[in-house]
$ cat protein_23.txt   # compact mmCIF, C-alpha atoms
# COMPACT_ATOMS: atom_id res chain seq x y z
CA MET I 1 52.09 8.36 -27.45
CA SER I 2 53.38 7.04 -30.79
CA GLN I 3 53.78 9.31 -33.78
CA LEU I 4 50.72 11.45 -34.42
CA PRO I 5 48.79 11.06 -37.69
CA LEU I 6 49.89 14.40 -39.20
CA SER I 7 53.52 14.31 -38.10
CA GLY I 8 55.72 15.49 -40.95
CA VAL I 9 53.11 17.88 -42.38
CA ARG I 10 54.06 21.57 -42.33
CA VAL I 11 51.33 24.21 -42.35
CA LEU I 12 51.83 27.92 -42.93
CA GLU I 13 49.01 29.77 -41.20
CA LEU I 14 48.39 33.28 -42.48
CA GLY I 15 45.06 33.55 -40.71
CA ASN I 16 43.90 35.56 -37.74
CA TYR I 17 40.84 35.79 -35.50
CA ILE I 18 39.12 32.38 -35.14
CA ALA I 19 38.27 30.51 -38.36
CA ALA I 20 41.66 29.79 -39.95
CA PRO I 21 43.39 29.52 -36.55
CA THR I 22 40.82 26.86 -35.58
CA ALA I 23 41.73 24.91 -38.71
CA GLY I 24 45.41 25.30 -37.86
CA ARG I 25 44.80 24.21 -34.29
CA LEU I 26 43.10 21.00 -35.39
CA LEU I 27 45.99 20.16 -37.71
CA ALA I 28 48.54 21.01 -35.02
CA ASP I 29 46.69 18.89 -32.46
CA PHE I 30 47.47 15.79 -34.48
CA GLY I 31 51.10 16.48 -35.15
CA ALA I 32 51.35 19.00 -38.00
CA GLU I 33 54.01 21.68 -37.60
CA VAL I 34 51.95 24.87 -37.81
CA ILE I 35 53.84 28.12 -38.30
CA LYS I 36 51.53 31.01 -37.45
CA VAL I 37 52.37 34.34 -39.10
CA GLU I 38 51.37 37.42 -37.10
CA ARG I 39 51.61 41.17 -37.57
CA PRO I 40 54.65 42.80 -35.98
CA GLY I 41 53.93 44.62 -32.75
CA THR I 42 50.29 43.67 -32.20
CA GLY I 43 49.93 40.12 -33.52
CA ASP I 44 46.60 38.40 -33.94
CA GLU I 45 43.82 40.62 -32.57
CA ILE I 46 42.40 37.84 -30.41
CA ARG I 47 45.43 38.19 -28.18
CA ASN I 48 43.35 41.02 -26.67
CA TRP I 49 39.85 39.50 -26.86
CA ARG I 50 38.42 38.76 -23.42
CA LEU I 51 41.75 39.74 -21.93
CA TYR I 52 41.11 40.14 -18.21
CA ALA I 53 44.76 40.40 -17.16
CA GLY I 54 48.24 39.95 -18.60
CA ASP I 55 49.07 40.51 -22.26
CA THR I 56 47.69 37.39 -23.99
CA SER I 57 44.11 36.13 -23.70
CA MET I 58 43.19 32.56 -22.84
CA LEU I 59 41.20 32.58 -26.08
CA TYR I 60 44.42 33.07 -28.04
CA ARG I 61 46.23 30.46 -25.93
CA THR I 62 43.43 27.98 -26.64
CA LEU I 63 43.02 28.51 -30.39
CA ASN I 64 46.73 28.62 -31.11
CA ARG I 65 47.98 25.73 -29.02
CA ASN I 66 50.71 23.48 -30.40
CA LYS I 67 51.77 26.17 -32.92
CA ARG I 68 54.86 28.31 -33.52
CA SER I 69 54.50 32.09 -33.77
CA ILE I 70 56.55 34.28 -36.07
CA THR I 71 56.10 37.92 -37.02
CA LEU I 72 56.30 39.02 -40.64
CA ASP I 73 55.50 42.30 -42.35
CA MET I 74 53.76 40.77 -45.37
CA ARG I 75 53.39 44.15 -47.07
CA ALA I 76 57.14 44.70 -47.14
CA ALA I 77 59.37 43.05 -49.74
CA ALA I 78 61.38 41.11 -47.16
CA GLY I 79 58.26 39.84 -45.39
CA LYS I 80 56.61 38.87 -48.66
CA GLN I 81 59.71 36.94 -49.69
CA ALA I 82 59.73 35.14 -46.34
CA VAL I 83 56.13 34.02 -46.90
CA LEU I 84 57.06 32.64 -50.32
CA ASP I 85 60.15 30.92 -48.92
CA LEU I 86 58.08 29.32 -46.17
CA ALA I 87 55.32 28.34 -48.60
CA ALA I 88 57.96 26.59 -50.73
CA ARG I 89 58.73 24.39 -47.72
CA SER I 90 55.14 23.84 -46.57
CA ASP I 91 52.46 21.32 -47.44
CA VAL I 92 49.48 23.54 -46.62
CA VAL I 93 48.86 27.29 -46.57
CA LEU I 94 45.87 28.49 -44.52
CA GLU I 95 44.48 32.01 -44.91
CA ASN I 96 41.33 33.93 -43.99
CA PHE I 97 41.86 37.40 -45.41
CA ARG I 98 39.18 39.15 -47.43
CA PRO I 99 39.29 37.76 -51.00
CA GLY I 100 41.81 39.63 -53.11
CA THR I 101 44.07 40.64 -50.21
CA LEU I 102 46.78 38.04 -50.83
CA GLU I 103 46.64 38.75 -54.54
CA LYS I 104 47.11 42.46 -53.84
CA TRP I 105 50.21 41.66 -51.80
CA GLY I 106 51.63 39.42 -54.54
CA LEU I 107 51.00 36.29 -52.42
CA GLY I 108 48.01 34.84 -54.22
CA PRO I 109 47.50 31.31 -55.52
CA ALA I 110 49.57 31.87 -58.67
CA GLU I 111 52.60 33.07 -56.69
CA LEU I 112 52.29 30.27 -54.14
CA ASP I 113 51.91 27.70 -56.90
CA ALA I 114 54.99 29.07 -58.63
CA VAL I 115 57.19 28.41 -55.59
CA ASN I 116 55.47 25.15 -54.61
CA PRO I 117 53.40 23.35 -57.25
CA ASP I 118 52.31 20.77 -54.64
CA VAL I 119 51.01 23.21 -52.04
CA VAL I 120 47.44 22.85 -50.74
CA LEU I 121 45.82 26.26 -50.26
CA VAL I 122 42.87 26.56 -47.87
CA ARG I 123 41.04 29.88 -48.11
CA ILE I 124 38.41 30.83 -45.52
CA SER I 125 36.35 33.99 -45.99
CA ALA I 126 32.95 35.39 -45.13
CA PHE I 127 31.23 34.57 -48.43
CA GLY I 128 33.79 32.67 -50.50
CA GLN I 129 36.18 33.61 -53.27
CA THR I 130 33.47 34.03 -55.94
CA GLY I 131 29.95 35.41 -56.21
CA PRO I 132 28.48 38.91 -55.79
CA LEU I 133 29.26 39.10 -52.06
CA SER I 134 32.81 37.73 -52.23
CA SER I 135 34.50 41.08 -51.57
CA ARG I 136 32.22 41.99 -48.67
CA PRO I 137 33.72 41.75 -45.16
CA GLY I 138 31.95 39.65 -42.58
CA PHE I 139 32.45 38.01 -39.21
CA ALA I 140 30.81 34.88 -37.82
CA ALA I 141 27.84 36.87 -36.48
CA VAL I 142 26.89 37.86 -40.02
CA ALA I 143 27.52 34.36 -41.36
CA GLU I 144 25.32 32.82 -38.66
CA ALA I 145 22.54 35.23 -39.59
CA MET I 146 22.78 34.68 -43.35
CA GLY I 147 23.34 30.93 -43.04
CA GLY I 148 19.98 30.47 -41.28
CA LEU I 149 21.16 29.75 -37.73
CA ARG I 150 20.17 32.98 -35.99
CA ALA I 151 16.55 32.69 -37.10
CA LEU I 152 16.25 29.49 -35.04
CA VAL I 153 18.06 30.55 -31.85
CA GLY I 154 16.11 32.12 -29.00
CA GLU I 155 12.54 32.44 -27.82
CA ALA I 156 9.71 32.86 -30.32
CA ASP I 157 8.53 36.16 -28.81
CA ARG I 158 11.96 37.78 -28.71
CA PRO I 159 14.50 38.88 -31.32
CA PRO I 160 16.91 36.22 -32.61
CA SER I 161 19.65 35.39 -30.14
CA ARG I 162 23.19 34.09 -30.49
CA THR I 163 25.12 31.15 -29.14
CA GLY I 164 27.75 32.09 -26.55
CA VAL I 165 30.68 31.24 -28.83
CA SER I 166 31.70 32.14 -32.39
CA ILE I 167 30.17 28.94 -33.70
CA GLY I 168 30.20 30.08 -37.35
CA ASP I 169 33.95 30.59 -37.25
CA SER I 170 34.50 27.27 -35.53
CA ILE I 171 32.40 25.35 -38.05
CA ALA I 172 34.31 27.01 -40.89
CA GLY I 173 37.55 26.06 -39.11
CA LEU I 174 36.45 22.43 -39.00
CA TYR I 175 35.77 22.56 -42.73
CA GLY I 176 39.14 24.24 -43.23
CA ALA I 177 40.96 21.42 -41.47
CA PHE I 178 38.95 18.83 -43.39
CA SER I 179 39.80 20.66 -46.61
CA ALA I 180 43.51 20.56 -45.80
CA VAL I 181 43.46 16.83 -45.09
CA MET I 182 41.35 16.23 -48.20
CA GLY I 183 43.85 18.19 -50.29
CA LEU I 184 46.76 16.25 -48.84
CA TYR I 185 45.00 12.95 -49.47
CA GLN I 186 44.21 13.94 -53.05
CA ARG I 187 47.81 14.96 -53.60
CA GLY I 188 49.10 11.66 -52.29
CA ALA I 189 46.53 9.50 -54.08
CA SER I 190 46.79 11.13 -57.53
CA GLU I 191 49.12 9.68 -60.12
CA THR I 192 49.43 13.13 -61.66
CA ARG I 193 49.75 16.46 -59.90
CA PRO I 194 46.29 17.93 -59.20
CA PRO I 195 45.83 21.34 -60.87
CA LEU I 196 45.94 24.50 -58.79
CA SER I 197 42.16 24.83 -59.01
CA ARG I 198 41.78 21.50 -57.18
CA ARG I 199 44.43 22.34 -54.60
CA SER I 200 42.74 25.66 -53.72
CA LEU I 201 39.90 24.90 -51.31
CA ASP I 202 37.32 27.63 -50.77
CA VAL I 203 35.45 27.72 -47.40
CA ALA I 204 32.80 30.39 -46.84
CA LEU I 205 31.56 31.09 -43.32
CA ASN I 206 27.92 31.54 -44.34
CA GLU I 207 27.99 28.29 -46.34
CA ALA I 208 29.64 26.41 -43.48
CA VAL I 209 26.81 27.51 -41.19
CA PHE I 210 24.16 26.76 -43.82
CA SER I 211 25.55 23.25 -44.25
CA MET I 212 24.67 22.55 -40.60
CA MET I 213 21.04 23.63 -40.93
CA GLU I 214 19.81 20.10 -41.63
CA SER I 215 16.58 20.12 -43.69
CA LEU I 216 15.76 23.82 -43.21
CA VAL I 217 15.56 24.59 -46.94
CA PRO I 218 14.25 21.20 -48.15
CA ASP I 219 11.41 21.40 -45.61
CA HIS I 220 10.54 24.87 -46.85
CA LEU I 221 10.57 23.89 -50.51
CA ALA I 222 8.88 20.52 -50.07
CA TYR I 223 6.21 21.42 -47.52
CA GLY I 224 6.11 25.21 -47.34
CA VAL I 225 7.38 25.04 -43.76
CA GLU I 226 9.18 28.10 -42.36
CA ARG I 227 10.87 27.00 -39.16
CA ARG I 228 10.74 29.39 -36.20
CA ARG I 229 12.53 29.90 -32.92
CA VAL I 230 11.25 27.57 -30.20
CA GLY I 231 13.61 28.33 -27.31
CA GLY I 232 15.12 25.27 -25.69
CA ARG I 233 13.06 22.90 -27.79
CA MET I 234 13.71 21.43 -31.23
CA GLU I 235 10.82 21.93 -33.65
CA GLY I 236 8.78 18.80 -34.26
CA ILE I 237 10.53 16.82 -31.51
CA ALA I 238 9.05 16.35 -28.04
CA PRO I 239 9.60 16.12 -25.21
CA SER I 240 13.12 17.56 -25.38
CA ASN I 241 13.93 20.64 -23.35
CA ALA I 242 15.73 22.10 -20.35
CA TYR I 243 14.06 21.79 -16.96
CA VAL I 244 14.69 23.35 -13.55
CA CYS I 245 15.15 21.13 -10.48
CA ALA I 246 14.31 21.63 -6.82
CA ASP I 247 17.81 22.82 -5.89
CA GLY I 248 17.98 25.39 -8.70
CA GLY I 249 20.09 23.20 -10.99
CA SER I 250 18.95 22.55 -14.53
CA VAL I 251 18.96 19.48 -16.73
CA VAL I 252 18.39 18.74 -20.38
CA ILE I 253 16.17 15.72 -20.99
CA ALA I 254 15.72 14.16 -24.43
CA GLY I 255 12.78 11.83 -23.94
CA ASN I 256 11.58 12.12 -27.52
CA GLY I 257 12.37 8.63 -28.83
CA ASP I 258 9.15 6.66 -29.23
CA SER I 259 10.43 3.74 -27.15
CA ILE I 260 12.03 6.06 -24.59
CA TYR I 261 8.94 8.22 -24.14
CA GLY I 262 6.85 5.63 -22.32
CA ARG I 263 9.64 4.87 -19.83
CA PHE I 264 10.12 8.58 -19.29
CA MET I 265 6.47 9.16 -18.43
CA THR I 266 6.58 6.24 -15.99
CA VAL I 267 9.57 7.82 -14.21
CA ILE I 268 7.75 11.13 -13.75
CA GLY I 269 4.63 9.36 -12.44
CA ARG I 270 2.50 10.01 -15.53
CA PRO I 271 1.90 6.59 -17.14
CA ASP I 272 -1.38 8.00 -18.47
CA LEU I 273 0.60 10.27 -20.80
CA GLY I 274 2.87 7.38 -21.72
CA SER I 275 -0.04 5.21 -22.85
CA ASP I 276 -2.04 7.96 -24.59
CA PRO I 277 -2.30 6.92 -28.28
CA GLU I 278 -2.21 10.57 -29.39
CA LEU I 279 1.27 10.82 -27.90
CA ALA I 280 2.74 7.65 -29.35
CA ALA I 281 4.72 9.54 -32.04
CA ASN I 282 6.60 12.83 -32.17
CA ALA I 283 3.98 14.58 -34.29
CA GLY I 284 1.33 14.21 -31.61
CA ARG I 285 3.69 14.99 -28.78
CA TRP I 286 4.77 18.19 -30.50
CA VAL I 287 1.15 19.36 -30.65
CA ARG I 288 0.84 18.83 -26.89
CA ARG I 289 4.39 19.94 -26.03
CA ASP I 290 3.30 22.54 -23.47
CA GLU I 291 1.28 19.95 -21.57
CA LEU I 292 4.21 17.52 -21.58
CA ASP I 293 6.76 20.11 -20.51
CA GLY I 294 4.47 21.18 -17.66
CA ALA I 295 4.17 17.62 -16.40
CA ILE I 296 7.91 17.04 -16.66
CA GLU I 297 8.85 20.22 -14.85
CA THR I 298 6.38 19.50 -12.08
CA TRP I 299 8.42 16.36 -11.47
CA THR I 300 11.90 17.89 -11.85
CA ARG I 301 11.03 20.74 -9.48
CA SER I 302 10.19 18.17 -6.81
CA LEU I 303 13.69 16.68 -6.71
CA PRO I 304 17.29 17.91 -6.57
CA ARG I 305 19.25 17.66 -9.81
CA ASP I 306 21.33 14.64 -8.86
CA GLU I 307 18.22 12.61 -7.99
CA VAL I 308 16.52 13.62 -11.24
CA LEU I 309 19.53 12.45 -13.23
CA ALA I 310 19.90 9.23 -11.24
CA GLU I 311 16.29 8.21 -11.85
CA LEU I 312 16.50 9.02 -15.54
CA GLU I 313 19.76 7.08 -15.92
CA GLU I 314 18.25 4.03 -14.26
CA ALA I 315 15.33 4.17 -16.71
CA GLY I 316 17.55 4.67 -19.74
CA VAL I 317 16.27 8.16 -20.54
CA PRO I 318 18.94 10.42 -22.10
CA ALA I 319 19.60 13.37 -19.79
CA GLY I 320 22.44 15.49 -18.53
CA PRO I 321 23.21 18.49 -16.36
CA ILE I 322 23.65 21.97 -17.83
CA HIS I 323 27.30 22.54 -16.99
CA SER I 324 29.10 25.73 -16.13
CA ALA I 325 32.86 26.03 -16.58
CA ALA I 326 33.32 24.99 -12.95
CA ASP I 327 31.12 21.93 -13.50
CA ILE I 328 33.17 20.86 -16.53
CA VAL I 329 36.41 21.09 -14.55
CA ALA I 330 34.93 18.88 -11.83
CA ASP I 331 33.20 16.39 -14.14
CA GLU I 332 34.58 12.85 -13.81
CA GLN I 333 33.82 11.97 -17.45
CA PHE I 334 35.89 14.89 -18.77
CA ARG I 335 38.61 14.01 -16.26
CA ALA I 336 38.71 10.34 -17.23
CA ARG I 337 39.48 11.23 -20.85
CA ASP I 338 41.94 14.08 -20.12
CA MET I 339 39.58 16.64 -21.63
CA VAL I 340 40.89 19.37 -19.35
CA GLN I 341 44.67 19.68 -19.45
CA TYR I 342 46.68 21.99 -17.21
CA PHE I 343 49.52 24.40 -17.93
CA ASP I 344 51.34 27.11 -16.00
CA VAL I 345 50.41 30.32 -17.81
CA ASP I 346 51.16 34.00 -17.34
CA THR I 347 47.91 35.68 -16.32
CA GLY I 348 49.39 38.99 -15.28
CA GLY I 349 50.25 38.06 -11.69
CA ASP I 350 53.59 37.71 -9.97
CA GLU I 351 53.64 33.97 -10.64
CA PRO I 352 52.21 31.83 -13.44
CA ALA I 353 48.76 30.42 -12.76
CA ARG I 354 47.73 26.78 -13.21
CA VAL I 355 45.12 26.95 -15.97
CA GLY I 356 43.07 24.16 -17.52
CA PHE I 357 42.58 24.08 -21.31
CA PRO I 358 40.29 21.93 -23.48
CA GLY I 359 41.67 18.57 -24.52
CA ILE I 360 41.95 17.28 -28.07
CA VAL I 361 39.13 15.69 -30.06
CA PRO I 362 38.89 12.95 -31.32
CA VAL I 363 40.36 10.74 -28.62
CA LEU I 364 43.07 8.24 -29.56
CA ASP I 365 43.81 5.15 -27.45
CA GLY I 366 41.11 6.00 -24.92
CA ARG I 367 42.40 9.41 -23.80
CA SER I 368 42.87 12.84 -25.27
CA VAL I 369 46.11 13.41 -27.12
CA PRO I 370 48.31 15.54 -24.82
CA VAL I 371 48.37 19.23 -25.68
CA ARG I 372 52.04 19.98 -26.26
CA SER I 373 51.93 23.73 -25.64
CA VAL I 374 49.42 26.53 -25.33
CA GLY I 375 49.40 29.47 -27.73
CA PRO I 376 52.90 30.98 -27.97
CA ASP I 377 54.05 34.47 -27.11
CA LEU I 378 54.12 36.84 -30.08
CA GLY I 379 57.05 36.09 -32.35
CA ALA I 380 58.51 33.49 -30.01
CA ASP I 381 59.74 31.37 -32.92
CA THR I 382 60.69 34.02 -35.47
CA ALA I 383 64.45 33.67 -35.16
CA ASP I 384 64.32 29.87 -35.07
CA VAL I 385 62.03 29.52 -38.10
CA LEU I 386 63.56 32.20 -40.30
CA GLY I 387 67.13 31.56 -39.22
CA GLY I 388 66.96 27.79 -38.81
CA LEU I 389 64.46 26.63 -41.43
CA LEU I 390 65.18 29.29 -44.05
CA GLY I 391 68.80 30.05 -43.18
CA TYR I 392 68.22 33.80 -43.01
CA THR I 393 70.91 36.05 -41.58
CA PRO I 394 70.04 38.12 -38.50
CA ASP I 395 69.72 41.25 -40.67
CA THR I 396 67.30 39.49 -43.03
CA VAL I 397 65.32 38.16 -40.08
CA ARG I 398 64.93 41.69 -38.73
CA ALA I 399 63.87 43.05 -42.10
CA ALA I 400 61.31 40.31 -42.74
CA SER I 401 59.86 40.32 -39.23
CA GLY I 402 59.27 44.06 -39.20
CA GLU I 403 61.79 44.74 -36.47
CA ASP I 404 63.52 47.34 -38.68
CA ALA I 405 60.26 49.24 -39.23
$ encode --input "protein_23.txt" --output "structure tokens"
Amino acid sequence: MSQLPLSGVRVLELGNYIAAPTAGRLLADFGAEVIKVERPGTGDEIRNWRLYAGDTSMLYRTLNRNKRSITLDMRAAAGKQAVLDLAARSDVVLENFRPGTLEKWGLGPAELDAVNPDVVLVRISAFGQTGPLSSRPGFAAVAEAMGGLRALVGEADRPPSRTGVSIGDSIAGLYGAFSAVMGLYQRGASETRPPLSRRSLDVALNEAVFSMMESLVPDHLAYGVERRRVGGRMEGIAPSNAYVCADGGSVVIAGNGDSIYGRFMTVIGRPDLGSDPELAANAGRWVRRDELDGAIETWTRSLPRDEVLAELEEAGVPAGPIHSAADIVADEQFRARDMVQYFDVDTGGDEPARVGFPGIVPVLDGRSVPVRSVGPDLGADTADVLGGLLGYTPDTVRAASGEDA
């Protein structure tokens, strides 16, 4: 593939866990050189999250693909100086420490700006850099709750549930990557140097989640509506749900478009429901959602999943299987666009295992951009980055990386 869009951009990633590393991953995917700074000895904690064997989790390998790993003791003078030296040679600095942490270490915006007045600083935290909660710690679970998402996930008669991934962190990471690109664009488009306040971009996890809640608040303020959990449905939209098939497989069917609905009812053998004037629009269908879902599932339970999907596809009704990991690996659509890419990875056995990792989004030229490498071993690039890029002596490398500690 020709040169990637972010080739030539250098990013210094001071983040850990998921949010900032997701932002760094997205930038690295499209060609940015991302230098990930980790703690000496232990590294990023997600190296051990869902670690079933070996010494580095597949979660870490996934979120930190295409990056370089160095270790620095940022609390020590030599490590702090290395951060400043790297920041002076970087276009973007990413961080997701609790607000005030970098300032306490003498690595805050003022110090970074002093060594590099063009640097773009992306800061991701639980509640942002300002406001009464800014100093409070918080993970994605808390952000998802306070941003409004948890209240809508799960069944109405059960406590709020959670999605199976750290979606709040990932959304914040998307905003972090967008912030970095926005800052770089602003820097390149401005005739004068943007002030530090405009080059410091502040992403809060709870706000990132809240931004995805569509009209949750406007509906409440305009109509007095308090949305509730409705399980696999979407409030006010019907029929749209998950349904079980005769062979035990499940499908999601979104037959809620007004023009789609009639075709859908014909497919399931219920043209009477399709022609019922009360059901011509979503509002009426939502009132009778239980009746509609019962009719639909009577039909899906009479056929195996593949036949259900084939009939719906022929009729132009949006539907798809509920995939497991094994289903994704076998899916021809994912395969056609290189959305699962394979690497030999140490999984704790005698020989490396062939492991598939998610491809890169968005697709360029019809196929996923090739993943260049999965997340690196801890400190794999320390000597090269500090010695090569910064010209440090071996003694200085050891002092900065924490090897002398």
$ atom_distance --input "protein_23.txt" --atom1 "CA of Arg354 in chain I" --atom2 "CA of Met339 in chain I"
15.5 Å
$ closest_residue --input "protein_23.txt" --among "I:Ser125, I:Asn282, I:Ser161, I:Asn241" --to "Ala208 in chain I" --atoms "only C-alpha atoms"
I:Ser125
$ residues_around --input "protein_23.txt" --residues "Ile46 in chain I" --least-positions-apart "5" --cutoff "12 Å" --atoms "all atoms listed in the file" --output "VMD selection string"
chain I and resid 15 to 19 21 38 51 55 to 64 375 378
$ residues_around --input "protein_23.txt" --residues "Val267 in chain I" --least-positions-apart "3" --cutoff "9 Å" --atoms "all atoms listed in the file" --output "JSON list (two decimals) with C-alpha atoms, in the frame of the given file"
[["chain", "number", "residue", "atom", "x", "y", "z"],
["I", 262, "GLY", "CA", 6.85, 5.63, -22.32],
["I", 263, "ARG", "CA", 9.64, 4.87, -19.83],
["I", 264, "PHE", "CA", 10.12, 8.58, -19.29],
["I", 270, "ARG", "CA", 2.50, 10.01, -15.53],
["I", 271, "PRO", "CA", 1.90, 6.59, -17.14],
["I", 311, "GLU", "CA", 16.29, 8.21, -11.85],
["I", 312, "LEU", "CA", 16.50, 9.02, -15.54],
["I", 315, "ALA", "CA", 15.33, 4.17, -16.71]]
$ closest_residue --input "protein_23.txt" --among "I:Gly8, I:Gly183, I:Gly248, I:Pro195" --to "Ala32 in chain I" --atoms "only C-alpha atoms"
I:Gly8
$ closest_residue --input "protein_23.txt" --among "I:Gly154, I:Pro117, I:Gly387, I:Pro358" --to "Arg65 in chain I" --atoms "all atoms listed in the file"
I:Pro358
$ closest_residue --input "protein_23.txt" --among "I:Gly366, I:Pro159, I:Pro376, I:Pro194" --to "Asp346 in chain I" --atoms "only C-alpha atoms"
I:Pro376
